[in-house]
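Structure file input-v6.cif (mmCIF, C-alpha atoms) is printed below.
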```cif
data_run
#
loop_
_atom_site.label_atom_id
_atom_site.label_comp_id
_atom_site.auth_asym_id
_atom_site.auth_seq_id
_atom_site.Cartn_x
_atom_site.Cartn_y
_atom_site.Cartn_z
CA MET F 8 -42.06 142.07 104.49
CA ALA F 9 -39.60 143.56 107.03
CA SER F 10 -41.04 144.78 110.25
CA SER F 11 -40.26 148.18 111.70
CA ASN F 12 -38.42 146.43 114.55
CA ASP F 13 -36.09 144.77 112.01
CA HIS F 14 -35.52 148.11 110.32
CA ARG F 15 -34.82 149.79 113.67
CA ALA F 16 -32.41 147.02 114.75
CA CYS F 17 -30.58 147.31 111.44
CA GLU F 18 -30.32 151.07 111.81
CA ILE F 19 -28.93 150.71 115.36
CA ARG F 20 -26.33 148.22 114.19
CA TYR F 21 -25.44 150.48 111.25
CA ARG F 22 -24.96 153.53 113.52
CA ASP F 23 -22.93 151.42 115.96
CA LEU F 24 -20.75 150.26 113.10
CA LEU F 25 -20.26 153.85 111.89
CA GLY F 26 -19.25 154.90 115.41
CA ARG F 27 -16.79 152.01 115.70
CA LEU F 28 -15.34 152.84 112.28
CA ALA F 29 -14.90 156.49 113.32
CA ASP F 30 -13.11 155.35 116.50
CA MET F 31 -10.93 152.98 114.49
CA THR F 32 -10.09 155.76 112.03
CA GLN F 33 -9.04 158.03 114.90
CA ARG F 34 -6.91 155.27 116.46
CA ILE F 35 -5.25 154.58 113.10
CA GLU F 36 -4.44 158.28 112.70
CA GLN F 37 -2.93 158.34 116.21
CA LEU F 38 -0.90 155.23 115.42
CA GLU F 39 0.36 156.84 112.21
CA ASP F 40 1.43 159.91 114.22
CA VAL F 41 3.31 157.70 116.67
CA GLN F 42 4.93 155.81 113.80
CA ARG F 43 6.08 159.10 112.26
CA GLU F 44 7.60 160.12 115.59
CA VAL F 45 9.40 156.79 115.88
CA VAL F 46 10.78 157.15 112.34
CA GLU F 47 11.98 160.69 113.13
CA LEU F 48 13.65 159.47 116.33
CA LEU F 49 15.33 156.64 114.44
CA ARG F 50 16.53 159.12 111.80
CA ASP F 51 17.92 161.39 114.51
CA PHE F 52 19.60 158.42 116.18
CA ARG F 53 21.11 157.33 112.85
CA ASP F 54 22.40 160.86 112.20
CA LEU F 55 23.86 161.00 115.71
CA GLY F 56 25.55 157.64 115.15
CA ARG F 57 27.05 158.84 111.88
CA ALA F 58 28.27 162.09 113.46
CA LEU F 59 29.77 160.14 116.32
CA ALA F 60 31.53 157.75 113.93
CA VAL F 61 33.01 160.70 112.02
CA ARG F 62 34.21 162.29 115.24
CA ILE F 63 35.76 159.04 116.48
CA GLU F 64 37.53 158.54 113.14
CA ARG F 65 38.87 162.10 113.27
CA GLN F 66 40.10 161.62 116.85
CA ASP F 67 41.70 158.32 115.85
CA ARG F 68 43.58 160.00 112.99
CA GLN F 69 44.75 162.79 115.29
CA LEU F 70 45.93 160.29 117.91
CA HIS F 71 47.73 158.31 115.23
CA LYS F 72 49.49 161.46 113.99
CA LEU F 73 50.52 162.36 117.53
CA ALA F 74 51.83 158.85 118.14
CA VAL F 75 53.84 158.90 114.92
CA ARG F 76 55.35 162.27 115.85
CA ARG F 77 56.29 161.05 119.33
CA LEU F 78 57.84 157.85 118.04
CA SER F 79 59.75 159.50 115.22
CA PRO F 80 62.99 161.26 116.15
CA PRO F 81 62.99 164.96 115.36
CA ARG F 82 64.31 165.58 111.88
CA ASN F 83 66.73 168.38 111.78
CA ASP F 84 68.57 168.21 108.49
CA GLU F 85 71.26 170.65 109.65
CA THR F 86 72.07 168.56 112.73
CA ILE F 87 72.25 165.39 110.64
CA ALA F 88 74.48 167.07 108.03
CA ARG F 89 76.80 168.43 110.75
CA HIS F 90 77.04 164.99 112.34
CA PHE F 91 78.20 163.38 109.10
CA ARG F 92 80.68 166.21 108.37
CA ASN F 93 82.50 165.61 111.64
#
```
Here is the file; what I need is its structure written in the form of structure tokens.
Amino acid sequence: MASSNDHRACEIRYRDLLGRLADMTQRIEQLEDVQREVVELLRDFRDLGRALAVRIERQDRQLHKLAVRRLSPPRNDETIARHFRN
């Protein structure tokens, strides 16, 4: 037969365990919130990286077009035609 002291000790341990489980549940919820924030930050960073890559590619194309225009002599068909007529 269990004594009342055994029953009381069991009850104390049970309540302690419930309290620890409640604390653990709260800590897990906080960790999940932090994880969500980290995922959102990573998503924002990825989007920023993609936007930056697009902008760099666009700038590269524009620079390439400018370089091609500067390297190519101006094309004036009338001037060329006149030159060959003379």
To one decimal place, how far is atom CA of Leu48 of chain F from atom CA of Glu36 of chain F in Å?
->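 Going from atom CA of Leu48 of chain F over to atom CA of Glu36 of chain F covers 18.5 Å.
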Using atom CA of Met31 of chain F and atom CA of His14 of chain F as the two end points, give the distance in Å to one decimal.
->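 Value for the atom CA of Met31 of chain F-atom CA of His14 of chain F distance: 25.4 Å.
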For atom CA of Asp30 of chain F and atom CA of Glu18 of chain F, quote the distance in Å rounded to one decimal.
->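 Value for the atom CA of Asp30 of chain F-atom CA of Glu18 of chain F distance: 18.3 Å.
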